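So this block is protein_23.cif, mmCIF, C-alpha atoms and all ligand atoms; chains and numbers go by the auth columns:
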```
data_run
loop_
_atom_site.group_PDB
_atom_site.id
_atom_site.type_symbol
_atom_site.label_atom_id
_atom_site.label_comp_id
_atom_site.label_asym_id
_atom_site.label_seq_id
_atom_site.Cartn_x
_atom_site.Cartn_y
_atom_site.Cartn_z
_atom_site.B_iso_or_equiv
_atom_site.auth_seq_id
_atom_site.auth_asym_id
ATOM 1 C CA MET A 1 -6.539 3.375 -14.765 0.00 1 A
ATOM 2 C CA ASP A 2 -4.133 6.296 -14.635 0.00 2 A
ATOM 3 C CA HIS A 3 -4.180 8.455 -11.530 0.00 3 A
ATOM 4 C CA ALA A 4 -1.146 10.446 -12.516 0.00 4 A
ATOM 5 C CA ARG A 5 -1.349 14.162 -11.884 0.00 5 A
ATOM 6 C CA PRO A 6 0.752 16.762 -13.663 0.00 6 A
ATOM 7 C CA THR A 7 4.087 17.476 -12.039 0.00 7 A
ATOM 8 C CA PRO A 8 3.761 20.722 -10.080 0.00 8 A
ATOM 9 C CA PRO A 9 6.284 23.488 -10.629 0.00 9 A
ATOM 10 C CA ASN A 10 9.185 24.535 -8.359 0.00 10 A
ATOM 11 C CA LEU A 11 10.368 21.109 -7.323 0.00 11 A
ATOM 12 C CA GLY A 12 14.022 21.737 -7.952 0.00 12 A
ATOM 13 C CA ARG A 13 14.051 19.831 -11.225 0.00 13 A
ATOM 14 C CA ALA A 14 16.222 20.486 -14.239 0.00 14 A
ATOM 15 C CA ASP A 15 14.607 22.029 -17.277 0.00 15 A
ATOM 16 C CA PRO A 16 13.315 19.256 -19.577 0.00 16 A
ATOM 17 C CA ALA A 17 13.163 21.706 -22.459 0.00 17 A
ATOM 18 C CA ALA A 18 16.926 22.039 -22.162 0.00 18 A
ATOM 19 C CA GLY A 19 17.297 18.277 -22.542 0.00 19 A
ATOM 20 C CA LEU A 20 18.419 17.738 -18.953 0.00 20 A
ATOM 21 C CA PRO A 21 17.050 14.881 -16.839 0.00 21 A
ATOM 22 C CA VAL A 22 14.048 15.668 -14.656 0.00 22 A
ATOM 23 C CA GLU A 23 14.779 15.264 -10.971 0.00 23 A
ATOM 24 C CA VAL A 24 12.110 15.589 -8.343 0.00 24 A
ATOM 25 C CA PHE A 25 13.575 16.893 -5.102 0.00 25 A
ATOM 26 C CA ALA A 26 11.159 16.115 -2.341 0.00 26 A
ATOM 27 C CA HIS A 27 12.828 15.542 1.005 0.00 27 A
ATOM 28 C CA ASP A 28 10.677 15.687 4.125 0.00 28 A
ATOM 29 C CA THR A 29 12.957 17.486 6.587 0.00 29 A
ATOM 30 C CA PRO A 30 12.413 18.106 9.455 0.00 30 A
ATOM 31 C CA GLY A 31 9.291 15.995 9.062 0.00 31 A
ATOM 32 C CA THR A 32 5.698 17.057 9.060 0.00 32 A
ATOM 33 C CA ARG A 33 3.877 16.756 12.359 0.00 33 A
ATOM 34 C CA LEU A 34 0.153 16.064 12.106 0.00 34 A
ATOM 35 C CA ASP A 35 -2.151 16.965 14.988 0.00 35 A
ATOM 36 C CA THR A 36 -5.626 15.514 15.390 0.00 36 A
ATOM 37 C CA ASP A 37 -8.203 15.774 18.177 0.00 37 A
ATOM 38 C CA ARG A 38 -6.548 13.053 20.250 0.00 38 A
ATOM 39 C CA LEU A 39 -3.198 12.413 18.618 0.00 39 A
ATOM 40 C CA ILE A 40 0.180 13.767 17.674 0.00 40 A
ATOM 41 C CA ILE A 41 1.626 12.010 14.641 0.00 41 A
ATOM 42 C CA ARG A 42 5.297 12.775 14.173 0.00 42 A
ATOM 43 C CA PRO A 43 8.622 11.175 13.243 0.00 43 A
ATOM 44 C CA ALA A 44 10.045 9.063 16.057 0.00 44 A
ATOM 45 C CA THR A 45 13.550 10.093 17.131 0.00 45 A
ATOM 46 C CA PRO A 46 16.225 8.337 19.206 0.00 46 A
ATOM 47 C CA ALA A 47 14.704 10.101 22.256 0.00 47 A
ATOM 48 C CA ASP A 48 11.547 7.992 21.703 0.00 48 A
ATOM 49 C CA ALA A 49 13.451 4.679 21.569 0.00 49 A
ATOM 50 C CA GLY A 50 12.336 3.495 25.033 0.00 50 A
ATOM 51 C CA ALA A 51 8.670 4.269 24.413 0.00 51 A
ATOM 52 C CA PHE A 52 8.860 2.745 20.941 0.00 52 A
ATOM 53 C CA GLU A 53 10.415 -0.424 22.397 0.00 53 A
ATOM 54 C CA ALA A 54 7.596 -0.735 24.930 0.00 54 A
ATOM 55 C CA ALA A 55 5.049 -0.493 22.110 0.00 55 A
ATOM 56 C CA ILE A 56 6.869 -3.083 19.993 0.00 56 A
ATOM 57 C CA ASP A 57 7.210 -5.415 22.988 0.00 57 A
ATOM 58 C CA ALA A 58 3.444 -5.242 23.511 0.00 58 A
ATOM 59 C CA LEU A 59 2.872 -5.906 19.805 0.00 59 A
ATOM 60 C CA ILE A 60 5.151 -8.966 19.889 0.00 60 A
ATOM 61 C CA THR A 61 3.550 -10.269 23.090 0.00 61 A
ATOM 62 C CA SER A 62 0.139 -10.059 21.407 0.00 62 A
ATOM 63 C CA GLY A 63 1.352 -12.595 18.819 0.00 63 A
ATOM 64 C CA ASP A 64 1.114 -10.077 16.002 0.00 64 A
ATOM 65 C CA GLY A 65 1.565 -11.678 12.608 0.00 65 A
ATOM 66 C CA THR A 66 0.116 -9.007 10.350 0.00 66 A
ATOM 67 C CA SER A 67 1.913 -5.711 10.955 0.00 67 A
ATOM 68 C CA GLY A 68 5.094 -6.739 9.127 0.00 68 A
ATOM 69 C CA VAL A 69 7.093 -4.763 11.709 0.00 69 A
ATOM 70 C CA ASN A 70 8.603 -7.644 13.622 0.00 70 A
ATOM 71 C CA LEU A 71 10.534 -10.639 12.328 0.00 71 A
ATOM 72 C CA PRO A 72 10.327 -13.934 14.253 0.00 72 A
ATOM 73 C CA GLY A 73 12.724 -13.999 17.197 0.00 73 A
ATOM 74 C CA GLU A 74 13.830 -10.406 16.702 0.00 74 A
ATOM 75 C CA GLN A 75 14.272 -8.245 19.791 0.00 75 A
ATOM 76 C CA ALA A 76 12.298 -5.029 20.170 0.00 76 A
ATOM 77 C CA ARG A 77 15.402 -2.850 20.321 0.00 77 A
ATOM 78 C CA HIS A 78 16.581 -4.153 16.934 0.00 78 A
ATOM 79 C CA ILE A 79 13.163 -3.491 15.438 0.00 79 A
ATOM 80 C CA VAL A 80 13.134 0.023 16.889 0.00 80 A
ATOM 81 C CA LYS A 81 16.611 0.740 15.532 0.00 81 A
ATOM 82 C CA ARG A 82 15.461 -0.347 12.062 0.00 82 A
ATOM 83 C CA GLN A 83 12.303 1.761 12.318 0.00 83 A
ATOM 84 C CA LEU A 84 14.288 4.829 13.435 0.00 84 A
ATOM 85 C CA ASP A 85 16.756 4.321 10.573 0.00 85 A
ATOM 86 C CA LEU A 86 13.893 3.975 8.076 0.00 86 A
ATOM 87 C CA THR A 87 12.222 7.069 9.537 0.00 87 A
ATOM 88 C CA ALA A 88 15.434 9.086 9.098 0.00 88 A
ATOM 89 C CA LYS A 89 15.894 7.745 5.560 0.00 89 A
ATOM 90 C CA GLY A 90 12.341 8.797 4.669 0.00 90 A
ATOM 91 C CA LEU A 91 13.009 12.289 6.012 0.00 91 A
ATOM 92 C CA ARG A 92 16.198 12.480 3.969 0.00 92 A
ATOM 93 C CA THR A 93 14.896 11.166 0.667 0.00 93 A
ATOM 94 C CA GLY A 94 11.152 11.811 0.728 0.00 94 A
ATOM 95 C CA GLY A 95 10.677 8.217 -0.469 0.00 95 A
ATOM 96 C CA ALA A 96 8.659 7.308 2.631 0.00 96 A
ATOM 97 C CA LEU A 97 6.875 9.043 5.484 0.00 97 A
ATOM 98 C CA ARG A 98 7.051 7.106 8.738 0.00 98 A
ATOM 99 C CA ARG A 99 5.209 8.506 11.705 0.00 99 A
ATOM 100 C CA ALA A 100 4.772 7.288 15.275 0.00 100 A
ATOM 101 C CA ILE A 101 1.412 7.900 16.942 0.00 101 A
ATOM 102 C CA PHE A 102 1.361 9.636 20.354 0.00 102 A
ATOM 103 C CA ASP A 103 -1.548 10.363 22.662 0.00 103 A
ATOM 104 C CA ARG A 104 -1.877 14.150 23.084 0.00 104 A
ATOM 105 C CA ASP A 105 -2.451 13.667 26.815 0.00 105 A
ATOM 106 C CA HIS A 106 0.360 11.124 27.357 0.00 106 A
ATOM 107 C CA GLN A 107 3.064 12.199 24.981 0.00 107 A
ATOM 108 C CA HIS A 108 5.697 9.855 26.383 0.00 108 A
ATOM 109 C CA GLU A 109 3.752 6.835 25.100 0.00 109 A
ATOM 110 C CA VAL A 110 3.929 5.401 21.567 0.00 110 A
ATOM 111 C CA LEU A 111 0.516 4.027 20.548 0.00 111 A
ATOM 112 C CA GLY A 112 1.615 2.652 17.196 0.00 112 A
ATOM 113 C CA ALA A 113 2.648 3.856 13.779 0.00 113 A
ATOM 114 C CA CYS A 114 1.059 5.090 10.599 0.00 114 A
ATOM 115 C CA ASN A 115 3.479 4.975 7.702 0.00 115 A
ATOM 116 C CA LEU A 116 3.611 5.701 4.019 0.00 116 A
ATOM 117 C CA ILE A 117 6.213 3.041 3.370 0.00 117 A
ATOM 118 C CA THR A 118 6.546 4.014 -0.298 0.00 118 A
ATOM 119 C CA ILE A 119 6.008 7.370 -1.973 0.00 119 A
ATOM 120 C CA GLU A 120 6.308 7.072 -5.742 0.00 120 A
ATOM 121 C CA ARG A 121 6.588 10.080 -7.978 0.00 121 A
ATOM 122 C CA GLY A 122 6.972 8.547 -11.400 0.00 122 A
ATOM 123 C CA LEU A 123 4.417 8.021 -14.154 0.00 123 A
ATOM 124 C CA GLU A 124 1.959 7.558 -11.324 0.00 124 A
ATOM 125 C CA TRP A 125 2.100 9.473 -8.049 0.00 125 A
ATOM 126 C CA TYR A 126 1.009 7.209 -5.220 0.00 126 A
ATOM 127 C CA ALA A 127 1.826 6.204 -1.656 0.00 127 A
ATOM 128 C CA GLU A 128 1.514 2.861 0.150 0.00 128 A
ATOM 129 C CA LEU A 129 0.001 2.939 3.635 0.00 129 A
ATOM 130 C CA ALA A 130 0.898 0.594 6.513 0.00 130 A
ATOM 131 C CA PHE A 131 -0.184 0.915 10.139 0.00 131 A
ATOM 132 C CA TRP A 132 -0.300 -0.848 13.490 0.00 132 A
ATOM 133 C CA LEU A 133 -1.367 -0.143 17.064 0.00 133 A
ATOM 134 C CA THR A 134 -0.298 -1.611 20.374 0.00 134 A
ATOM 135 C CA PRO A 135 -3.076 -3.888 21.683 0.00 135 A
ATOM 136 C CA ASN A 136 -4.110 -1.382 24.421 0.00 136 A
ATOM 137 C CA ALA A 137 -4.708 1.353 21.841 0.00 137 A
ATOM 138 C CA ARG A 138 -7.112 -0.707 19.714 0.00 138 A
ATOM 139 C CA GLY A 139 -10.879 -0.438 19.607 0.00 139 A
ATOM 140 C CA LYS A 140 -10.884 3.354 20.118 0.00 140 A
ATOM 141 C CA GLY A 141 -10.741 4.655 16.553 0.00 141 A
ATOM 142 C CA ILE A 142 -7.107 5.698 16.971 0.00 142 A
ATOM 143 C CA ALA A 143 -5.800 3.989 13.830 0.00 143 A
ATOM 144 C CA ARG A 144 -8.640 5.468 11.826 0.00 144 A
ATOM 145 C CA GLU A 145 -7.887 8.969 13.167 0.00 145 A
ATOM 146 C CA ALA A 146 -4.167 8.626 12.430 0.00 146 A
ATOM 147 C CA CYS A 147 -4.682 7.125 8.963 0.00 147 A
ATOM 148 C CA ALA A 148 -7.209 9.837 8.033 0.00 148 A
ATOM 149 C CA ALA A 149 -4.631 12.515 8.927 0.00 149 A
ATOM 150 C CA VAL A 150 -1.774 10.825 7.050 0.00 150 A
ATOM 151 C CA ILE A 151 -3.939 10.207 3.967 0.00 151 A
ATOM 152 C CA GLY A 152 -5.134 13.830 4.026 0.00 152 A
ATOM 153 C CA HIS A 153 -1.496 14.927 4.080 0.00 153 A
ATOM 154 C CA ALA A 154 -0.646 12.547 1.222 0.00 154 A
ATOM 155 C CA PHE A 155 -3.404 13.975 -0.988 0.00 155 A
ATOM 156 C CA ASP A 156 -2.759 17.593 -0.062 0.00 156 A
ATOM 157 C CA ASP A 157 -1.046 19.643 -2.777 0.00 157 A
ATOM 158 C CA LEU A 158 2.689 20.241 -2.776 0.00 158 A
ATOM 159 C CA PRO A 159 4.502 21.843 -1.112 0.00 159 A
ATOM 160 C CA ARG A 160 2.262 21.545 1.988 0.00 160 A
ATOM 161 C CA GLY A 161 1.250 17.942 1.314 0.00 161 A
ATOM 162 C CA LEU A 162 2.687 15.157 -0.797 0.00 162 A
ATOM 163 C CA GLY A 163 0.560 15.668 -3.875 0.00 163 A
ATOM 164 C CA VAL A 164 -0.120 11.996 -4.593 0.00 164 A
ATOM 165 C CA ALA A 165 -3.103 10.918 -6.671 0.00 165 A
ATOM 166 C CA SER A 166 -3.791 7.626 -4.891 0.00 166 A
ATOM 167 C CA VAL A 167 -3.030 5.735 -1.689 0.00 167 A
ATOM 168 C CA ARG A 168 -2.719 1.941 -1.645 0.00 168 A
ATOM 169 C CA GLY A 169 -3.107 -0.417 1.267 0.00 169 A
ATOM 170 C CA TYR A 170 -2.219 -4.119 1.061 0.00 170 A
ATOM 171 C CA VAL A 171 -4.114 -6.250 3.568 0.00 171 A
ATOM 172 C CA GLN A 172 -4.290 -9.987 4.206 0.00 172 A
ATOM 173 C CA PRO A 173 -7.773 -11.241 3.266 0.00 173 A
ATOM 174 C CA ASP A 174 -8.567 -12.363 6.840 0.00 174 A
ATOM 175 C CA ASN A 175 -7.493 -9.079 8.517 0.00 175 A
ATOM 176 C CA SER A 176 -11.002 -7.820 9.117 0.00 176 A
ATOM 177 C CA ARG A 177 -9.969 -4.933 11.432 0.00 177 A
ATOM 178 C CA ALA A 178 -7.677 -3.431 8.815 0.00 178 A
ATOM 179 C CA LYS A 179 -10.263 -4.032 6.074 0.00 179 A
ATOM 180 C CA ASN A 180 -12.978 -2.283 8.131 0.00 180 A
ATOM 181 C CA LEU A 181 -10.672 0.645 8.738 0.00 181 A
ATOM 182 C CA LEU A 182 -9.792 1.105 5.069 0.00 182 A
ATOM 183 C CA ALA A 183 -13.379 0.620 3.880 0.00 183 A
ATOM 184 C CA GLY A 184 -14.488 3.239 6.435 0.00 184 A
ATOM 185 C CA LEU A 185 -11.918 5.677 5.020 0.00 185 A
ATOM 186 C CA GLY A 186 -13.245 5.270 1.482 0.00 186 A
ATOM 187 C CA PHE A 187 -10.799 2.716 0.123 0.00 187 A
ATOM 188 C CA ALA A 188 -12.108 0.367 -2.569 0.00 188 A
ATOM 189 C CA HIS A 189 -11.312 -3.346 -2.437 0.00 189 A
ATOM 190 C CA MET A 190 -9.405 -4.442 -5.566 0.00 190 A
ATOM 191 C CA PRO A 191 -9.008 -8.196 -5.000 0.00 191 A
ATOM 192 C CA GLU A 192 -7.889 -8.813 -8.591 0.00 192 A
ATOM 193 C CA ALA A 193 -4.798 -6.659 -7.930 0.00 193 A
ATOM 194 C CA GLY A 194 -3.475 -8.590 -4.933 0.00 194 A
ATOM 195 C CA GLU A 195 0.191 -9.290 -4.270 0.00 195 A
ATOM 196 C CA HIS A 196 2.285 -11.557 -2.097 0.00 196 A
ATOM 197 C CA LYS A 197 4.092 -9.461 0.510 0.00 197 A
ATOM 198 C CA ASP A 198 6.657 -10.333 3.144 0.00 198 A
ATOM 199 C CA THR A 199 5.020 -10.385 6.557 0.00 199 A
ATOM 200 C CA GLY A 200 7.061 -11.604 9.509 0.00 200 A
ATOM 201 C CA GLY A 201 9.506 -13.363 7.199 0.00 201 A
ATOM 202 C CA HIS A 202 6.808 -15.171 5.156 0.00 202 A
ATOM 203 C CA GLN A 203 5.341 -14.297 1.784 0.00 203 A
ATOM 204 C CA ARG A 204 1.580 -14.004 2.292 0.00 204 A
ATOM 205 C CA PRO A 205 -1.226 -13.034 -0.083 0.00 205 A
ATOM 206 C CA HIS A 206 -2.491 -9.471 0.356 0.00 206 A
ATOM 207 C CA ASP A 207 -5.427 -7.755 -1.343 0.00 207 A
ATOM 208 C CA LEU A 208 -5.100 -4.240 -2.690 0.00 208 A
ATOM 209 C CA TRP A 209 -7.297 -1.500 -1.197 0.00 209 A
ATOM 210 C CA LEU A 210 -7.191 1.717 -3.181 0.00 210 A
ATOM 211 C CA ARG A 211 -8.293 5.256 -2.535 0.00 211 A
ATOM 212 C CA THR A 212 -7.918 7.879 -5.220 0.00 212 A
ATOM 213 C CA ILE A 213 -7.867 11.626 -4.762 0.00 213 A
ATOM 214 C CA ALA A 214 -11.272 11.795 -6.434 0.00 214 A
ATOM 215 C CA GLY A 215 -12.814 9.905 -3.559 0.00 215 A
HETATM 216 C C1 LIG B . -5.416 -2.905 12.083 0.00 1 B
HETATM 217 C C2 LIG B . -5.514 -2.208 13.445 0.00 1 B
HETATM 218 C C3 LIG B . -4.574 -1.001 13.453 0.00 1 B
HETATM 219 C C4 LIG B . -6.955 -1.781 13.669 0.00 1 B
HETATM 220 O O1 LIG B . -7.093 -1.238 14.967 0.00 1 B
HETATM 221 P P1 LIG B . -8.552 -0.709 15.438 0.00 1 B
HETATM 222 O O2 LIG B . -8.408 -0.114 16.766 0.00 1 B
HETATM 223 O O3 LIG B . -9.543 -1.807 15.267 0.00 1 B
HETATM 224 O O4 LIG B . -8.872 0.364 14.326 0.00 1 B
HETATM 225 P P2 LIG B . -9.731 1.697 14.356 0.00 1 B
HETATM 226 O O5 LIG B . -8.906 2.841 14.751 0.00 1 B
HETATM 227 O O6 LIG B . -10.387 1.762 13.023 0.00 1 B
HETATM 228 O O7 LIG B . -10.817 1.481 15.494 0.00 1 B
HETATM 229 C C5 LIG B . -12.036 0.856 15.198 0.00 1 B
HETATM 230 C C6 LIG B . -12.645 0.362 16.474 0.00 1 B
HETATM 231 O O8 LIG B . -12.682 1.418 17.432 0.00 1 B
HETATM 232 C C7 LIG B . -14.049 1.616 17.890 0.00 1 B
HETATM 233 N N1 LIG B . -14.162 3.027 18.273 0.00 1 B
HETATM 234 C C8 LIG B . -14.255 3.461 19.554 0.00 1 B
HETATM 235 N N2 LIG B . -14.259 4.786 19.589 0.00 1 B
HETATM 236 C C9 LIG B . -14.171 5.221 18.308 0.00 1 B
HETATM 237 C C10 LIG B . -14.111 6.500 17.713 0.00 1 B
HETATM 238 N N3 LIG B . -14.111 7.614 18.450 0.00 1 B
HETATM 239 N N4 LIG B . -14.008 6.573 16.370 0.00 1 B
HETATM 240 C C11 LIG B . -13.969 5.478 15.604 0.00 1 B
HETATM 241 N N5 LIG B . -14.012 4.209 16.131 0.00 1 B
HETATM 242 C C12 LIG B . -14.105 4.101 17.479 0.00 1 B
HETATM 243 C C13 LIG B . -14.870 1.143 16.735 0.00 1 B
HETATM 244 O O9 LIG B . -16.171 0.792 17.120 0.00 1 B
HETATM 245 C C14 LIG B . -14.061 -0.082 16.288 0.00 1 B
HETATM 246 O O10 LIG B . -14.229 -1.143 17.212 0.00 1 B
HETATM 247 P P3 LIG B . -14.952 -2.516 16.774 0.00 1 B
HETATM 248 O O11 LIG B . -14.221 -3.003 15.557 0.00 1 B
HETATM 249 O O12 LIG B . -14.799 -3.383 17.960 0.00 1 B
HETATM 250 O O13 LIG B . -16.339 -2.074 16.447 0.00 1 B
HETATM 251 C C15 LIG B . -5.087 -3.151 14.599 0.00 1 B
HETATM 252 O O14 LIG B . -5.948 -4.262 14.615 0.00 1 B
HETATM 253 C C16 LIG B . -3.643 -3.647 14.459 0.00 1 B
HETATM 254 O O15 LIG B . -2.715 -2.976 14.878 0.00 1 B
HETATM 255 N N6 LIG B . -3.437 -4.872 13.887 0.00 1 B
HETATM 256 C C17 LIG B . -2.111 -5.394 13.665 0.00 1 B
HETATM 257 C C18 LIG B . -1.388 -4.705 12.523 0.00 1 B
HETATM 258 C C19 LIG B . -2.154 -4.768 11.214 0.00 1 B
HETATM 259 O O16 LIG B . -2.846 -5.725 10.921 0.00 1 B
HETATM 260 N N7 LIG B . -2.011 -3.714 10.402 0.00 1 B
HETATM 261 C C20 LIG B . -2.679 -3.623 9.105 0.00 1 B
HETATM 262 C C21 LIG B . -1.822 -4.112 8.013 0.00 1 B
HETATM 263 S S1 LIG B . -0.893 -2.799 7.318 0.00 1 B
#
```
Could you write out this structure as structure tokens?
Amino acid sequence: MDHARPTPPNLGRADPAAGLPVEVFAHDTPGTRLDTDRLIIRPATPADAGAFEAAIDALITSGDGTSGVNLPGEQARHIVKRQLDLTAKGLRTGGALRRAIFDRDHQHEVLGACNLITIERGLEWYAELAFWLTPNARGKGIAREACAAVIGHAFDDLPRGLGVASVRGYVQPDNSRAKNLLAGLGFAHMPEAGEHKDTGGHQRPHDLWLRTIAG
């Protein structure tokens, strides 16, 4: 199955007809902010470090073993530093789009994150989605609302959106909350295309969930 879409014009690439290499220039600076009914979804900055740490601490305390954000024994401030570095790298290179989730009414609080941890613009244009919420933010449709906004942005045409043709999510087979969320957002379960992924320092089987731009 090929979900590639033609490369749009005006991306700062060299002219292939002239025999020069094609280079897609797609940084994400200063970083798209997505607003939904209840949420603000934006890049976390060093000013958010305290709020981000509180969210990560709550995630660790809950015994989280599925988000892939925390490594065993790692302190929240180290995790936050890594996440802020990865966020900045994504802004610089356009190879990822990492967004923290904030409540519109309590903007000092980080509720979780909704990330496109990979954005590939090669033969196939796709992004890989990963998300987590602090335990207090669960059961309210917040992850669904954030993921719907990020996926909409991923599918939106360049230069406003990312112009990808598909979004992938890799989920452990027993993670029913994440599976429900993706199924509800129109992702199809592709169990034959599973992969082992590093989660909390262990390689664990994950199933592929796929949504294409067609639906
Ligand atoms: C995966 C995860 C983000 C799902 O969180 P969630 O809150 O269940 O997800 P949703 O945003 O889809 O919310 C759905 C729940 O909100 C409820 N809900 C309440 N108000 C709602 C609203 N306005 N709209 C939609 N759902 C609403 C739904 O009924 C549902 O609850 P239920 O499952 O008890 O019926 C969360 O479990 C998590 O952080 N897990 C750890 C990390 C992880 O596994 N990440 C996925 C791997 S990348």
Report task. Check what the PyMOL selection byres (((not hetatm)) within 9 of (chain B and resi 1)) selects in the file above and give those residues as a PyMOL selection string. Result -> chain A and resi 59+64-69+112-115+129-147+169-172+175-182+184
Query raised in the report: Neighbours of range 123-126 of chain A within 6 Å (only C-alpha atoms; same-chain residues fewer than 2 positions away dropped), as a ChimeraX atom specification?
Result: /A:4,119-121,164-167
Report task. Might you spell out which residues the PyMOL selection byres (((chain A and resi 87) around 10) and not hetatm) would select in the displayed file, as a PyMOL selection string? Result -> chain A and resi 31+43-45+81-86+88-92+96-100+115+117
Selected residues written out, C-alpha atoms, as a compact mmCIF listing (two decimals), keeping the file's coordinate frame:
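Saved file selection-v6.txt follows:
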```txt
# COMPACT_ATOMS: atom_id res chain seq x y z
CA GLY A 31 9.29 16.00 9.06
CA PRO A 43 8.62 11.18 13.24
CA ALA A 44 10.04 9.06 16.06
CA THR A 45 13.55 10.09 17.13
CA LYS A 81 16.61 0.74 15.53
CA ARG A 82 15.46 -0.35 12.06
CA GLN A 83 12.30 1.76 12.32
CA LEU A 84 14.29 4.83 13.44
CA ASP A 85 16.76 4.32 10.57
CA LEU A 86 13.89 3.98 8.08
CA ALA A 88 15.43 9.09 9.10
CA LYS A 89 15.89 7.74 5.56
CA GLY A 90 12.34 8.80 4.67
CA LEU A 91 13.01 12.29 6.01
CA ARG A 92 16.20 12.48 3.97
CA ALA A 96 8.66 7.31 2.63
CA LEU A 97 6.88 9.04 5.48
CA ARG A 98 7.05 7.11 8.74
CA ARG A 99 5.21 8.51 11.70
CA ALA A 100 4.77 7.29 15.28
CA ASN A 115 3.48 4.97 7.70
CA ILE A 117 6.21 3.04 3.37
```
Query raised in the report: Could you name the residues that touch Ala51 in chain A at 7 Å or less, counting all atoms listed in the file, but leaving out those on the same chain fewer than 4 positions away, as a PyMOL selection string?
Result: chain A and resi 55+108-110
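Between Asn70 in chain A and the residues A:Thr212, A:Thr93, A:Thr118, A:Thr199, the shortest atom-to-atom distance, using all atoms listed in the file, involves A:Thr199.
If you measure from each of A:Arg42, A:Arg77, A:Arg211, A:Arg33 to Phe155 in chain A using only C-alpha atoms, the closest one turns out to be A:Arg211.
Neighbouring residues of Pro72 in chain A at 9 Å or closer, counting all atoms listed in the file and skipping chain neighbours under 3 positions away, are Gln75, Gly200 and Gly201 of chain A.
A straight line drawn from CA of Ala76 in chain A to CA of Gln107 in chain A is 20.1 Å long.
Closest approach to Gly50 in chain A among A:Val80, A:Glu195, A:Asp37, A:Asp28: A:Val80, based on all atoms listed in the file.
Shortest atom-to-atom contact with Gly215 in chain A among A:Gly122, A:Gly152, A:Pro173, A:Pro191: A:Gly152, counting only C-alpha atoms.
If you measure from each of A:Gly186, A:Pro205, A:Leu34, A:Thr61 to Gly161 in chain A using all atoms listed in the file, the closest one turns out to be A:Leu34.
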Report summary line: re CA of Gly94 in chain A and CA of Ile41 in chain A: distance 16.9 Å
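In this model, the gap between CA of Leu116 in chain A and CA of Val150 in chain A comes to 8.0 Å.
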May I have the centre and edge lengths, in Å to one decimal, of an axis-aligned box around the listed atoms of range 126-144 of chain A with 8 Å added to every side, as lines of an AutoDock Vina configuration file?
```
center_x = -4.5
center_y = 1.7
center_z = 9.6
size_x = 28.7
size_y = 27.1
size_z = 45.6
```
